[in-house]
>>> print(open('structure-v6.txt').read())   # compact mmCIF, C-alpha atoms and all ligand atoms
# COMPACT_ATOMS: atom_id res chain seq x y z
CA MET A 1 24.16 5.48 -10.60
CA ARG A 2 22.11 2.44 -10.06
CA ILE A 3 20.52 0.65 -7.18
CA SER A 4 21.71 -2.83 -6.82
CA PHE A 5 19.24 -5.43 -5.79
CA ASP A 6 22.09 -7.65 -4.79
CA ILE A 7 21.50 -6.84 -1.18
CA TYR A 8 17.99 -8.25 -1.51
CA ARG A 9 19.20 -11.28 -3.40
CA ARG A 10 21.86 -11.92 -0.81
CA LEU A 11 19.23 -11.73 1.85
CA GLY A 12 17.06 -14.13 -0.06
CA VAL A 13 14.30 -11.70 -0.99
CA ILE A 14 11.73 -13.25 -3.25
CA PHE A 15 9.49 -10.81 -5.00
CA MET A 16 6.01 -12.24 -4.85
CA SER A 17 4.96 -9.66 -7.36
CA ARG A 18 3.77 -10.84 -10.74
CA GLU A 19 6.12 -8.33 -12.25
CA TYR A 20 9.15 -10.05 -10.88
CA GLY A 21 8.55 -13.22 -12.75
CA MET A 22 9.68 -15.62 -10.05
CA ALA A 23 6.19 -16.24 -8.86
CA SER A 24 4.47 -15.36 -12.08
CA GLY A 25 3.10 -18.79 -12.77
CA GLN A 26 1.93 -19.13 -9.26
CA ILE A 27 0.06 -15.96 -8.72
CA GLN A 28 -3.24 -16.87 -10.19
CA SER A 29 -6.19 -14.62 -10.28
CA ARG A 30 -8.50 -17.47 -9.40
CA LEU A 31 -10.75 -16.69 -6.54
CA SER A 32 -10.79 -18.98 -3.61
CA ALA A 33 -13.49 -18.92 -1.02
CA GLY A 34 -11.63 -19.67 2.18
CA LYS A 35 -13.39 -21.05 5.18
CA GLY A 36 -12.38 -18.20 7.48
CA ALA A 37 -9.86 -18.78 10.22
CA ARG A 38 -11.32 -19.97 13.45
CA SER A 39 -8.55 -18.61 15.59
CA GLY A 40 -6.42 -15.52 15.37
CA PRO A 41 -6.94 -11.92 16.20
CA GLY A 42 -9.37 -9.39 14.94
CA ALA A 43 -12.55 -9.47 12.99
CA ALA A 44 -10.60 -9.69 9.73
CA ALA A 45 -10.44 -13.43 10.18
CA PHE A 46 -14.21 -13.81 9.91
CA ALA A 47 -14.43 -12.75 6.29
CA PRO A 48 -13.31 -15.28 3.70
CA ILE A 49 -10.03 -14.63 1.99
CA VAL A 50 -10.27 -13.51 -1.60
CA GLY A 51 -7.64 -14.62 -4.11
CA ARG A 52 -4.07 -15.19 -2.90
CA ASP A 53 -3.80 -18.79 -4.08
CA GLY A 54 -0.42 -18.00 -5.62
CA GLU A 55 0.96 -16.34 -2.53
CA LEU A 56 -0.29 -19.16 -0.30
CA GLY A 57 1.36 -21.66 -2.61
CA LEU A 58 4.62 -19.76 -2.38
CA LEU A 59 4.42 -19.65 1.40
CA ARG A 60 3.77 -23.38 1.57
CA GLN A 61 6.66 -24.00 -0.77
CA GLN A 62 9.02 -21.98 1.40
CA LEU A 63 7.88 -23.74 4.55
CA ALA A 64 8.39 -27.11 2.90
CA ASP A 65 12.09 -26.29 2.86
CA PRO A 66 13.45 -27.34 6.24
CA SER A 67 16.41 -24.99 5.95
CA VAL A 68 14.07 -22.00 6.16
CA ARG A 69 13.83 -21.09 9.83
CA LEU A 70 12.95 -17.44 9.50
CA LEU A 71 10.54 -16.34 6.84
CA THR A 72 9.53 -12.69 6.64
CA MET A 73 6.41 -11.61 4.82
CA THR A 74 6.63 -7.92 4.07
CA GLY A 75 4.63 -5.33 2.17
CA PRO A 76 2.95 -1.95 2.48
CA ALA A 77 0.40 -1.22 5.17
CA GLY A 78 -2.98 -2.64 4.22
CA VAL A 79 -1.74 -4.91 1.43
CA GLY A 80 -3.10 -7.97 3.23
CA LYS A 81 -0.15 -9.47 5.09
CA THR A 82 -2.05 -10.33 8.24
CA ARG A 83 -4.95 -11.79 6.27
CA LEU A 84 -2.54 -13.98 4.35
CA ALA A 85 -0.85 -15.16 7.56
CA LEU A 86 -4.24 -16.09 9.01
CA ALA A 87 -5.10 -18.02 5.87
CA LEU A 88 -1.79 -19.85 6.10
CA MET A 89 -2.50 -20.71 9.71
CA GLU A 90 -5.85 -22.15 8.76
CA ASP A 91 -4.19 -24.05 5.98
CA LEU A 92 -1.67 -25.59 8.37
CA ALA A 93 -4.52 -26.75 10.58
CA GLY A 94 -2.72 -26.63 13.91
CA GLY A 95 0.93 -26.65 14.83
CA SER A 96 1.23 -22.90 14.58
CA GLN A 97 0.99 -20.13 17.07
CA PHE A 98 -0.05 -16.57 16.29
CA LEU A 99 1.27 -13.65 18.27
CA ASP A 100 0.24 -10.08 17.51
CA LEU A 101 3.17 -7.99 18.66
CA ALA A 102 1.23 -4.75 18.54
CA GLY A 103 -0.33 -5.90 21.81
CA HIS A 104 3.08 -5.89 23.50
CA GLU A 105 4.65 -2.81 24.93
CA ARG A 106 8.10 -4.13 25.67
CA ALA A 107 10.39 -6.46 23.76
CA GLU A 108 11.02 -8.49 26.92
CA THR A 109 7.40 -9.65 27.08
CA VAL A 110 7.62 -10.70 23.44
CA PHE A 111 10.60 -12.88 24.18
CA GLU A 112 8.99 -14.25 27.33
CA ALA A 113 6.04 -15.34 25.22
CA LEU A 114 8.35 -16.84 22.63
CA SER A 115 10.48 -18.68 25.12
CA ALA A 116 7.56 -20.41 26.78
CA PRO A 117 7.98 -24.14 26.28
CA GLY A 118 5.82 -25.32 23.44
CA GLU A 119 5.42 -28.17 21.05
CA THR A 120 8.38 -28.94 18.87
CA GLY A 121 8.20 -28.27 15.18
CA ARG A 122 6.03 -25.26 15.76
CA LEU A 123 5.63 -22.38 13.40
CA ILE A 124 5.45 -19.15 15.33
CA ILE A 125 3.75 -16.34 13.45
CA LEU A 126 4.70 -12.89 14.70
CA ASP A 127 2.34 -10.27 13.32
CA GLN A 128 3.02 -6.52 13.25
CA ALA A 129 6.65 -7.28 13.92
CA GLU A 130 7.67 -3.85 12.62
CA HIS A 131 7.07 -2.58 16.14
CA PHE A 132 10.04 -4.59 17.36
CA THR A 133 12.40 -4.66 14.40
CA GLU A 134 15.55 -3.89 16.37
CA ALA A 135 14.74 -6.14 19.32
CA LEU A 136 13.86 -9.06 17.05
CA ALA A 137 16.96 -8.60 14.92
CA ALA A 138 19.00 -8.76 18.11
CA GLY A 139 17.15 -11.59 19.84
CA LEU A 140 15.76 -13.94 17.20
CA PRO A 141 19.03 -15.58 16.13
CA ARG A 142 19.59 -16.77 19.70
CA LEU A 143 16.03 -17.99 20.08
CA LEU A 144 16.27 -19.94 16.84
CA ALA A 145 19.60 -21.42 17.93
CA GLU A 146 18.25 -22.43 21.32
CA ARG A 147 15.08 -24.01 19.94
CA PRO A 148 16.18 -25.82 16.80
CA ARG A 149 12.72 -27.18 16.04
CA ILE A 150 10.82 -23.93 15.86
CA ARG A 151 10.46 -21.69 12.85
CA VAL A 152 9.32 -18.13 12.72
CA LEU A 153 7.09 -16.42 10.19
CA LEU A 154 7.50 -12.72 10.66
CA VAL A 155 4.79 -10.44 9.31
CA SER A 156 6.22 -6.97 9.06
CA ARG A 157 6.36 -3.77 7.09
CA GLU A 158 10.11 -4.24 6.90
CA PRO A 159 12.53 -7.18 6.94
CA LEU A 160 15.09 -7.70 9.71
CA HIS A 161 18.05 -8.28 7.38
CA LEU A 162 19.25 -11.28 9.32
CA TYR A 163 21.50 -13.90 7.87
CA GLY A 164 19.33 -16.76 6.65
CA GLU A 165 16.15 -14.70 6.66
CA ARG A 166 13.96 -15.46 3.65
CA VAL A 167 11.85 -12.50 2.58
CA LEU A 168 8.60 -12.62 0.64
CA ARG A 169 7.16 -9.37 -0.63
CA VAL A 170 3.36 -9.35 -0.78
CA PRO A 171 1.99 -7.52 -3.82
CA PRO A 172 -1.47 -5.91 -4.03
CA LEU A 173 -4.35 -8.17 -5.09
CA ALA A 174 -4.81 -9.31 -8.65
CA ARG A 175 -7.51 -7.12 -10.23
CA VAL A 176 -10.15 -9.82 -10.38
CA ALA A 177 -9.65 -10.46 -6.66
CA SER A 178 -9.73 -6.80 -5.69
CA VAL A 179 -12.97 -6.31 -7.59
CA GLU A 180 -14.41 -9.33 -5.81
CA LEU A 181 -13.28 -7.93 -2.44
CA PHE A 182 -14.93 -4.63 -3.30
CA ARG A 183 -18.11 -6.46 -4.26
CA GLN A 184 -18.20 -8.41 -1.01
CA ARG A 185 -17.65 -5.32 1.13
CA ALA A 186 -20.10 -3.30 -0.94
CA VAL A 187 -22.87 -5.86 -0.52
CA ALA A 188 -22.39 -5.65 3.22
CA VAL A 189 -23.29 -1.96 3.27
CA ARG A 190 -25.58 -1.86 0.21
CA PRO A 191 -27.44 -5.16 0.11
CA GLY A 192 -28.63 -4.74 -3.47
CA PHE A 193 -25.16 -4.04 -4.84
CA SER A 194 -24.15 -6.10 -7.85
CA LEU A 195 -21.29 -5.86 -10.31
CA ALA A 196 -23.77 -6.34 -13.11
CA SER A 197 -25.74 -3.23 -12.14
CA ALA A 198 -24.95 0.37 -13.03
CA ASP A 199 -23.34 0.79 -9.61
CA GLY A 200 -21.04 -2.14 -10.29
CA ALA A 201 -19.63 -0.59 -13.42
CA GLU A 202 -17.32 1.63 -11.37
CA ALA A 203 -15.75 -1.23 -9.40
CA ASP A 204 -12.87 -1.78 -11.77
CA ASP A 205 -11.99 1.93 -11.97
CA LEU A 206 -12.18 2.22 -8.20
CA CYS A 207 -9.85 -0.72 -7.70
CA GLU A 208 -7.44 0.71 -10.23
CA LEU A 209 -7.38 4.05 -8.48
CA LEU A 210 -6.87 2.32 -5.15
CA ASP A 211 -3.93 0.28 -6.49
CA ASP A 212 -5.77 -2.95 -5.63
CA LEU A 213 -4.78 -2.39 -2.02
CA PRO A 214 -7.24 -4.38 0.13
CA LEU A 215 -7.39 -1.93 3.01
CA ALA A 216 -8.02 1.02 0.69
CA ILE A 217 -10.75 -1.01 -1.00
CA GLU A 218 -12.38 -1.75 2.33
CA PHE A 219 -12.29 1.89 3.35
CA ALA A 220 -13.76 2.92 0.03
CA ALA A 221 -16.48 0.29 0.14
CA ALA A 222 -17.42 1.36 3.66
CA ARG A 223 -18.15 4.79 2.19
CA LEU A 224 -20.87 3.31 -0.01
CA LYS A 225 -23.19 3.87 2.90
CA LEU A 226 -23.03 7.54 2.03
CA PHE A 227 -22.09 7.68 -1.63
CA ARG A 228 -22.97 5.79 -4.75
CA PRO A 229 -19.91 4.25 -6.43
CA ARG A 230 -19.78 6.92 -9.12
CA GLU A 231 -19.77 9.72 -6.56
CA LEU A 232 -17.12 7.88 -4.61
CA LEU A 233 -14.98 7.57 -7.72
CA ASN A 234 -15.40 11.26 -8.50
CA ARG A 235 -14.47 12.20 -4.98
CA LEU A 236 -11.38 10.04 -5.12
CA ARG A 237 -10.42 11.50 -8.46
CA ASP A 238 -10.83 14.96 -7.03
CA GLY A 239 -8.32 13.98 -4.42
CA GLN A 240 -10.79 13.96 -1.55
CA ASP A 241 -9.92 11.99 1.50
CA VAL A 242 -12.48 9.29 1.58
CA LEU A 243 -10.03 6.58 2.49
CA TYR A 244 -9.33 7.41 6.03
CA GLY A 245 -10.87 6.43 9.27
CA GLY A 246 -13.86 4.55 7.94
CA PRO A 247 -15.20 1.51 9.71
CA THR A 248 -13.75 -1.65 8.22
CA LEU A 249 -13.29 -5.21 9.27
CA SER A 250 -9.72 -4.43 10.01
CA HIS A 251 -7.79 -3.41 13.07
CA HIS A 252 -6.36 -0.47 11.16
CA SER A 253 -7.87 2.73 12.42
CA SER A 254 -6.56 4.56 9.44
CA MET A 255 -4.15 4.05 6.67
CA ARG A 256 -2.64 7.45 7.23
CA GLU A 257 -1.70 6.33 10.71
CA ALA A 258 0.05 3.23 9.40
CA ILE A 259 1.94 5.09 6.69
CA GLY A 260 2.69 7.93 9.11
CA TRP A 261 4.21 5.43 11.49
CA SER A 262 6.69 4.30 8.82
CA TYR A 263 7.37 7.89 7.78
CA GLU A 264 8.12 9.04 11.30
CA ARG A 265 10.80 6.41 11.61
CA LEU A 266 12.74 7.72 8.61
CA THR A 267 15.69 10.03 9.10
CA GLY A 268 15.37 13.66 7.99
CA PRO A 269 17.18 13.12 4.66
CA GLU A 270 15.09 9.99 4.01
CA GLN A 271 11.90 11.92 4.67
CA ALA A 272 13.06 14.63 2.28
CA VAL A 273 13.68 12.09 -0.49
CA PHE A 274 10.34 10.44 0.23
CA ARG A 275 8.53 13.76 -0.20
CA ARG A 276 10.50 14.52 -3.31
CA LEU A 277 9.73 11.16 -4.92
CA ALA A 278 6.06 11.45 -4.04
CA VAL A 279 5.49 13.86 -6.92
CA HIS A 280 5.82 10.94 -9.33
CA GLU A 281 2.56 9.20 -9.89
CA ASP A 282 3.75 6.73 -12.48
CA ALA A 283 6.70 4.41 -12.27
CA PHE A 284 9.96 6.28 -12.15
CA SER A 285 13.65 5.66 -11.97
CA PRO A 286 15.05 7.76 -9.13
CA MET A 287 18.66 7.29 -10.16
CA ALA A 288 19.30 9.13 -13.35
CA GLY A 289 20.89 12.48 -12.63
CA THR A 290 18.81 13.20 -9.55
CA GLY A 291 21.57 13.07 -6.98
CA ILE A 292 19.39 10.90 -4.78
CA ALA A 293 21.49 8.46 -2.77
CA PRO A 294 20.75 4.84 -3.78
CA GLU A 295 20.93 3.83 -0.12
CA ILE A 296 17.97 6.06 0.66
CA VAL A 297 15.94 4.59 -2.15
CA GLU A 298 16.84 1.15 -0.85
CA THR A 299 15.59 2.12 2.59
CA LEU A 300 12.28 3.37 1.19
CA VAL A 301 11.82 0.13 -0.75
CA ASP A 302 12.76 -1.82 2.32
CA LYS A 303 10.10 -0.07 4.36
CA ASN A 304 7.60 -0.59 1.57
CA LEU A 305 7.06 3.10 0.98
CA LEU A 306 8.22 2.50 -2.58
CA VAL A 307 7.41 -0.63 -4.53
CA PRO A 308 9.64 -2.02 -7.28
CA VAL A 309 8.00 -2.46 -10.66
CA ALA A 310 9.04 -4.28 -13.78
CA SER A 311 11.65 -2.39 -15.70
CA PRO A 312 12.19 -2.73 -19.44
CA GLY A 313 15.86 -1.79 -19.13
CA ASP A 314 18.58 -2.20 -16.55
CA GLU A 315 17.57 0.83 -14.57
CA PRO A 316 15.37 -0.21 -11.62
CA ARG A 317 11.97 1.43 -11.50
CA PHE A 318 9.65 2.10 -8.60
CA ARG A 319 6.21 3.42 -7.80
CA MET A 320 4.66 4.95 -4.83
CA LEU A 321 1.18 3.57 -4.16
CA ASN A 322 -1.53 6.18 -4.38
CA ALA A 323 -2.42 5.83 -0.71
CA VAL A 324 1.20 6.52 0.21
CA ARG A 325 1.40 9.43 -2.19
CA SER A 326 -1.73 10.96 -0.85
CA PHE A 327 -0.23 10.76 2.64
CA SER A 328 2.83 12.63 1.43
CA ARG A 329 0.71 15.20 -0.36
CA ASP A 330 -0.85 16.06 2.98
CA LEU A 331 2.62 16.68 4.34
CA HIS A 332 3.10 19.44 1.76
CA SER A 333 -0.21 21.19 1.99
CA PRO A 334 -1.76 22.46 5.19
CA GLU A 335 -5.17 21.17 6.22
CA PRO A 336 -7.81 22.99 4.20
CA ALA A 337 -9.34 24.37 7.37
CA GLU A 338 -6.10 26.13 8.24
CA GLU A 339 -5.85 27.78 4.87
CA PRO A 340 -6.95 31.39 4.85
CA ARG A 341 -9.97 31.08 2.61
CA THR A 342 -10.07 34.68 1.57
CA ALA A 343 -6.34 35.19 0.99
CA PRO A 344 -6.15 37.19 -2.20
CA HIS A 345 -2.65 36.13 -3.22
CA THR A 346 -1.95 33.35 -5.66
CA GLN A 347 1.19 31.32 -6.11
CA PRO A 348 2.86 30.90 -9.49
CA LEU A 349 1.93 27.78 -11.44
CA THR A 350 4.45 25.50 -13.05
CA PRO A 351 4.19 25.24 -16.84
CA ARG A 352 2.46 21.88 -16.43
CA GLU A 353 -0.03 23.33 -13.99
CA GLN A 354 -0.75 26.21 -16.37
CA GLU A 355 -1.49 23.67 -19.03
CA VAL A 356 -3.76 21.76 -16.69
CA ALA A 357 -5.52 24.99 -15.71
CA MET A 358 -6.22 25.72 -19.37
CA LEU A 359 -7.66 22.26 -19.91
CA VAL A 360 -9.84 22.66 -16.82
CA ALA A 361 -11.05 25.94 -18.30
CA GLN A 362 -11.99 24.04 -21.46
CA GLY A 363 -14.30 21.96 -19.31
CA MET A 364 -12.27 18.77 -19.38
CA THR A 365 -12.61 16.17 -16.65
CA ASN A 366 -9.53 14.86 -14.85
CA ARG A 367 -9.64 11.75 -16.96
CA GLN A 368 -9.77 13.73 -20.19
CA ILE A 369 -6.86 15.88 -18.99
CA ALA A 370 -4.88 12.76 -18.17
CA ARG A 371 -5.50 11.37 -21.65
CA ARG A 372 -4.68 14.64 -23.35
CA LEU A 373 -1.39 15.04 -21.51
CA GLY A 374 -0.51 11.35 -21.54
CA ILE A 375 -0.27 11.21 -17.77
CA ALA A 376 -1.91 9.02 -15.14
CA GLU A 377 -5.30 10.09 -13.96
CA TRP A 378 -4.05 10.33 -10.44
CA THR A 379 -1.41 12.79 -11.63
CA ALA A 380 -4.05 14.91 -13.24
CA VAL A 381 -6.02 14.83 -10.00
CA ASN A 382 -3.00 16.11 -8.14
CA HIS A 383 -2.25 18.81 -10.69
CA VAL A 384 -5.82 20.08 -10.52
CA ARG A 385 -5.70 20.04 -6.76
CA ASN A 386 -2.44 21.99 -6.75
CA VAL A 387 -3.76 24.47 -9.28
CA MET A 388 -6.83 25.11 -7.14
CA ARG A 389 -4.75 25.48 -4.02
CA LYS A 390 -2.23 27.82 -5.62
CA LEU A 391 -4.91 29.97 -7.21
CA ASN A 392 -7.07 29.95 -4.11
CA CYS A 393 -9.92 28.60 -6.20
CA THR A 394 -12.72 26.59 -4.70
CA SER A 395 -14.18 25.34 -7.97
CA ARG A 396 -13.22 24.52 -11.53
CA VAL A 397 -15.31 27.46 -12.66
CA ASN A 398 -13.04 29.73 -10.60
CA VAL A 399 -10.05 28.20 -12.38
CA ALA A 400 -11.66 28.97 -15.73
CA GLY A 401 -12.20 32.56 -14.56
CA TRP A 402 -8.52 32.85 -13.70
CA VAL A 403 -7.47 31.46 -17.10
CA ILE A 404 -9.69 33.97 -18.89
CA ARG A 405 -8.30 36.85 -16.81
CA GLU A 406 -4.65 35.90 -16.90
CA GLN A 407 -4.41 34.13 -20.25
CA PRO A 408 -1.37 32.09 -19.27
CA VAL A 409 0.81 30.57 -21.93
CA ALA A 410 2.14 27.12 -21.24
CA THR A 411 5.79 27.47 -22.11
CA ALA A 412 7.18 24.06 -21.50
CA LEU A 413 6.21 20.52 -20.89
CA ASP A 414 7.49 18.57 -17.93
N1 LIG B 501 -7.07 -11.54 0.29
C1 LIG B 501 -7.95 -10.89 1.07
N2 LIG B 501 -9.25 -11.28 1.13
C2 LIG B 501 -10.12 -10.63 1.91
N3 LIG B 501 -9.81 -9.58 2.67
C3 LIG B 501 -8.55 -9.14 2.66
C4 LIG B 501 -7.55 -9.76 1.86
N4 LIG B 501 -6.39 -9.13 2.04
C5 LIG B 501 -6.64 -8.15 2.93
N5 LIG B 501 -7.93 -8.15 3.30
C6 LIG B 501 -8.54 -7.22 4.25
O1 LIG B 501 -7.96 -5.94 4.04
C7 LIG B 501 -7.62 -5.34 5.27
C8 LIG B 501 -6.13 -5.09 5.34
O2 LIG B 501 -5.46 -6.34 5.36
P1 LIG B 501 -4.36 -6.69 6.44
O3 LIG B 501 -4.08 -8.14 6.32
O4 LIG B 501 -4.76 -6.17 7.77
O5 LIG B 501 -3.17 -5.82 5.88
P2 LIG B 501 -1.69 -5.66 6.45
O6 LIG B 501 -1.51 -6.69 7.52
O7 LIG B 501 -0.80 -5.87 5.27
O8 LIG B 501 -1.60 -4.25 6.94
C9 LIG B 501 -8.11 -6.28 6.36
O9 LIG B 501 -9.39 -5.87 6.78
C10 LIG B 501 -8.17 -7.62 5.65
O10 LIG B 501 -9.12 -8.47 6.21
MG MG B 502 -1.19 -6.45 9.51
>>> encode(input="structure-v6.txt", output="C-alpha cells", more="lines below")
Ligand SMILES: Nc1ncnc2c1ncn2[C@@H]1O[C@H](COP(=O)(O)OP(=O)(O)O)[C@@H](O)[C@H]1O
Ligand SMILES: [Mg+2]
Amino acid sequence: MRISFDIYRRLGVIFMSREYGMASGQIQSRLSAGKGARSGPGAAAFAPIVGRDGELGLLRQQLADPSVRLLTMTGPAGVGKTRLALALMEDLAGGSQFLDLAGHERAETVFEALSAPGETGRLIILDQAEHFTEALAAGLPRLLAERPRIRVLLVSREPLHLYGERVLRVPPLARVASVELFRQRAVAVRPGFSLASADGAEADDLCELLDDLPLAIEFAAARLKLFRPRELLNRLRDGQDVLYGGPTLSHHSSMREAIGWSYERLTGPEQAVFRRLAVHEDAFSPMAGTGIAPEIVETLVDKNLLVPVASPGDEPRFRMLNAVRSFSRDLHSPEPAEEPRTAPHTQPLTPREQEVAMLVAQGMTNRQIARRLGIAEWTAVNHVRNVMRKLNCTSRVNVAGWVIREQPVATALD
C-alpha cells in the first residue's frame, strides 16, 4: 500500500523543503540580516531574521502570480512560520495587514475584522489560523469572491484544503542558519559566547539534535543561563526535558503545548497511529506491511506531526521531529514524580534494549551506542531511557549492576 501525494499535488502543495527539489535552488543557506519588522505582533519581530532567503523568494514568486488568491504557509509548531510572515510583511513595505487569530475567541469576530472595508489589492496575513480551520474553510471562499482584490496568506499548522489554495510547507532552518540563530540567542544570555570558543563547538551538535527547529533552538539557548553548552547537549542526549517552558522571544509558552494542541484534535485511531509511529527516530516508511491506513498517515503529514523526507525509491518516507517524538514519549511514560521510586519489579526488555543495556554496562556513551548499533543518537537516548525506566534504575551504574546480575543474552536485532 502506498500513500499518494496526488492529493497534495491537486491542492497545489509546494514542498519548500530542500529534499523535495522544487525549491532546491532557491533555498540558500546564506544568512541575511533583516532589519526587523516594525509592525506586527510579539517580541519575535524585534530580532533580525536569520536565513530564509530561499523561502522568502518562493513566497514572493507565489504572490507575483495574480491567480494565487489564497496562499497557505504551513509547518510544524516552532518551525518559524510567523517569523517568515513578518519578514514578508516587511519586505512588502505596506499594503498588507496582519491579523493574529489566536487573539480571537469566535470565528464571527475574525470575519468582522476581515470584512472591514480596506484598501484594494491588500494582502491579508492570518496568523495562527489553525485555531479556525473549519470556520475559515467555510467562510473564506465567499470573502474572496466578494472582495476580488484581496488575497489571503494563511499561516497555519494545517492547510484548509480549499479549491485554489496554494500550500507552501516551511522546512526547518538550513544548518548554517540554525547555528547562527543559536549563536545570536546564546550571546544574549552569555555575553562572551562565541562559536570559535570551546563552548561554541557544541552548537552544530545541538542544532542537529534539535532538528534545526528555531523554537527548540531558542528554548535550548535560553537554558545557557544555567548550563554550559556541553552540559546542555548531554542533558538533551539523556532525554531530559530542557526544551519546555523556557523564556524565549516567542509567544509560545511551550512547545509541548503547541504539539499537544495538534494531538488533542486527532481522532482516537489517529492518536494511536501517531504514538505507534513515534518509536521511529529515523526516516521510515509507514506503509509496508504495517496495516496502518494511508489516510491516517496523510492526516498526520497534513497536521505537520510527520514530515515527508526524500525517498530513494517509490515508497514515501517520513520522519517525526525530535520535539514531536519527545512529546509522544511523554504520553507513554508517566511523569517521573508519579513513578514509585522504590518499586522492586522490573519490566522485560526487548532484545534491542537488552543489547543497549549491555553496551551501557560496557561504559559506552549514547553516541558510542548509536554508532555501534548503526542507529540515530536520539534512538539510543530513547532506548537508554526506556531501559532505565523498565529496570527502575536511576543511573547507568545501576544498569551495569543489572547486566552483571542477570547476564541477559541479546537474541535478536530489531
Ligand atoms: N528565521 C528565523 N530567524 C530568527 N528567528 C527565528 C526564525 N525562525 C523562527 N525564529 C524564532 O523562533 C521562534 C519560533 O518561530 P515562530 O515563527 O513563532 O514559529 P511558528 O509560527 O512556526 O510556530 C520565534 O521566537 C521566532 O522569532
Ligand atoms: Mg506562529
>>> closest_atom_pairs(input="structure-v6.txt", of="chain A", to="ligand MG 502 (chain B)", cutoff="8 Å", atoms="only C-alpha atoms and all ligand atoms", output="tab-separated table")
residue	atom	partner	partner_atom	distance
A:Ala77	CA	B:MG502	MG	7.0
A:Gly78	CA	B:MG502	MG	6.8
A:Gly80	CA	B:MG502	MG	6.7
A:Lys81	CA	B:MG502	MG	5.5
A:Thr82	CA	B:MG502	MG	4.2
A:Arg83	CA	B:MG502	MG	7.3
A:Asp127	CA	B:MG502	MG	6.4
A:Gln128	CA	B:MG502	MG	5.6
A:Val155	CA	B:MG502	MG	7.2
A:Ser156	CA	B:MG502	MG	7.4
>>> closest_residue(input="structure-v6.txt", among="A:Ser178, A:Ser96, A:Ser115, A:Thr72", to="ligand LIG 501 (chain B)", atoms="all atoms listed in the file")
A:Ser178
>>> residues_near_ligand(input="structure-v6.txt", ligand="ligand LIG 501 (chain B)", cutoff="8 Å", atoms="all atoms listed in the file", output="VMD selection string")
chain A and resid 43 to 45 47 to 52 74 to 85 127 to 128 155 to 157 173 177 181 213 to 218 248 to 252
>>> residues_around(input="structure-v6.txt", residues="Ile292 (chain A)", least_positions_apart="4", cutoff="10 Å", atoms="all atoms listed in the file", output="VMD selection string")
chain A and resid 1 269 to 270 273 276 to 277 286 to 288 296 to 297
>>> write_last_selection(input="structure-v6.txt", atoms="C-alpha atoms", output="short mmCIF file (atom, residue, chain, number, x, y, z; two decimals), keeping the file's coordinate frame")
data_model
loop_
_atom_site.label_atom_id
_atom_site.label_comp_id
_atom_site.auth_asym_id
_atom_site.auth_seq_id
_atom_site.Cartn_x
_atom_site.Cartn_y
_atom_site.Cartn_z
CA MET A 1 24.16 5.48 -10.60
CA PRO A 269 17.18 13.12 4.66
CA GLU A 270 15.09 9.99 4.01
CA VAL A 273 13.68 12.09 -0.49
CA ARG A 276 10.50 14.52 -3.31
CA LEU A 277 9.73 11.16 -4.92
CA PRO A 286 15.05 7.76 -9.13
CA MET A 287 18.66 7.29 -10.16
CA ALA A 288 19.30 9.13 -13.35
CA ILE A 296 17.97 6.06 0.66
CA VAL A 297 15.94 4.59 -2.15
#
>>> closest_residue(input="structure-v6.txt", among="A:Thr379, A:Gln97, A:Thr267, A:Ser194", to="Ser326 (chain A)", atoms="all atoms listed in the file")
A:Thr379
>>> atom_distance(input="structure-v6.txt", atom1="CA of Phe182 (chain A)", atom2="CA of Ala221 (chain A)")
6.2 Å
>>> residues_near_point(input="structure-v6.txt", point="(13.2, -15.5, 25.7)", cutoff="12 Å", atoms="all atoms listed in the file", output="PyMOL selection string")
chain A and resi 107-117+135-136+138-147
>>> closest_residue(input="structure-v6.txt", among="A:Phe227, A:Trp261, A:Trp402, A:Trp378", to="Thr346 (chain A)", atoms="only C-alpha atoms")
A:Trp402
>>> atom_distance(input="structure-v6.txt", atom1="CA of Arg385 (chain A)", atom2="CA of Leu236 (chain A)")
11.6 Å
>>> closest_residue(input="structure-v6.txt", among="A:Leu86, A:Leu321, A:Val381, A:Leu359", to="Arg235 (chain A)", atoms="all atoms listed in the file")
A:Val381
>>> atom_distance(input="structure-v6.txt", atom1="CA of Leu162 (chain A)", atom2="CA of Ala64 (chain A)")
20.2 Å
>>> closest_residue(input="structure-v6.txt", among="A:Gln62, A:Ser285, A:Asn392, A:Asn382", to="Leu168 (chain A)", atoms="all atoms listed in the file")
A:Gln62
>>> residues_around(input="structure-v6.txt", residues="Gln347 (chain A)", least_positions_apart="2", cutoff="9 Å", atoms="all atoms listed in the file", output="mmCIF file with C-alpha atoms, in the coordinates of the input")
data_model
loop_
_atom_site.group_PDB
_atom_site.id
_atom_site.type_symbol
_atom_site.label_atom_id
_atom_site.label_comp_id
_atom_site.auth_asym_id
_atom_site.auth_seq_id
_atom_site.Cartn_x
_atom_site.Cartn_y
_atom_site.Cartn_z
ATOM 1 C CA HIS A 345 -2.650 36.130 -3.220
ATOM 2 C CA LEU A 349 1.930 27.780 -11.440
ATOM 3 C CA ARG A 389 -4.750 25.480 -4.020
ATOM 4 C CA LYS A 390 -2.230 27.820 -5.620
ATOM 5 C CA LEU A 391 -4.910 29.970 -7.210
ATOM 6 C CA ASN A 392 -7.070 29.950 -4.110
#
>>> residues_around(input="structure-v6.txt", residues="Ala186 (chain A)", least_positions_apart="2", cutoff="12 Å", atoms="all atoms listed in the file", output="PyMOL selection string")
chain A and resi 178-184+188-195+199-200+202-203+217-229+248
>>> closest_residue(input="structure-v6.txt", among="A:Gly57, A:Gly313, A:Pro348, A:Gly363", to="Asn398 (chain A)", atoms="all atoms listed in the file")
A:Gly363
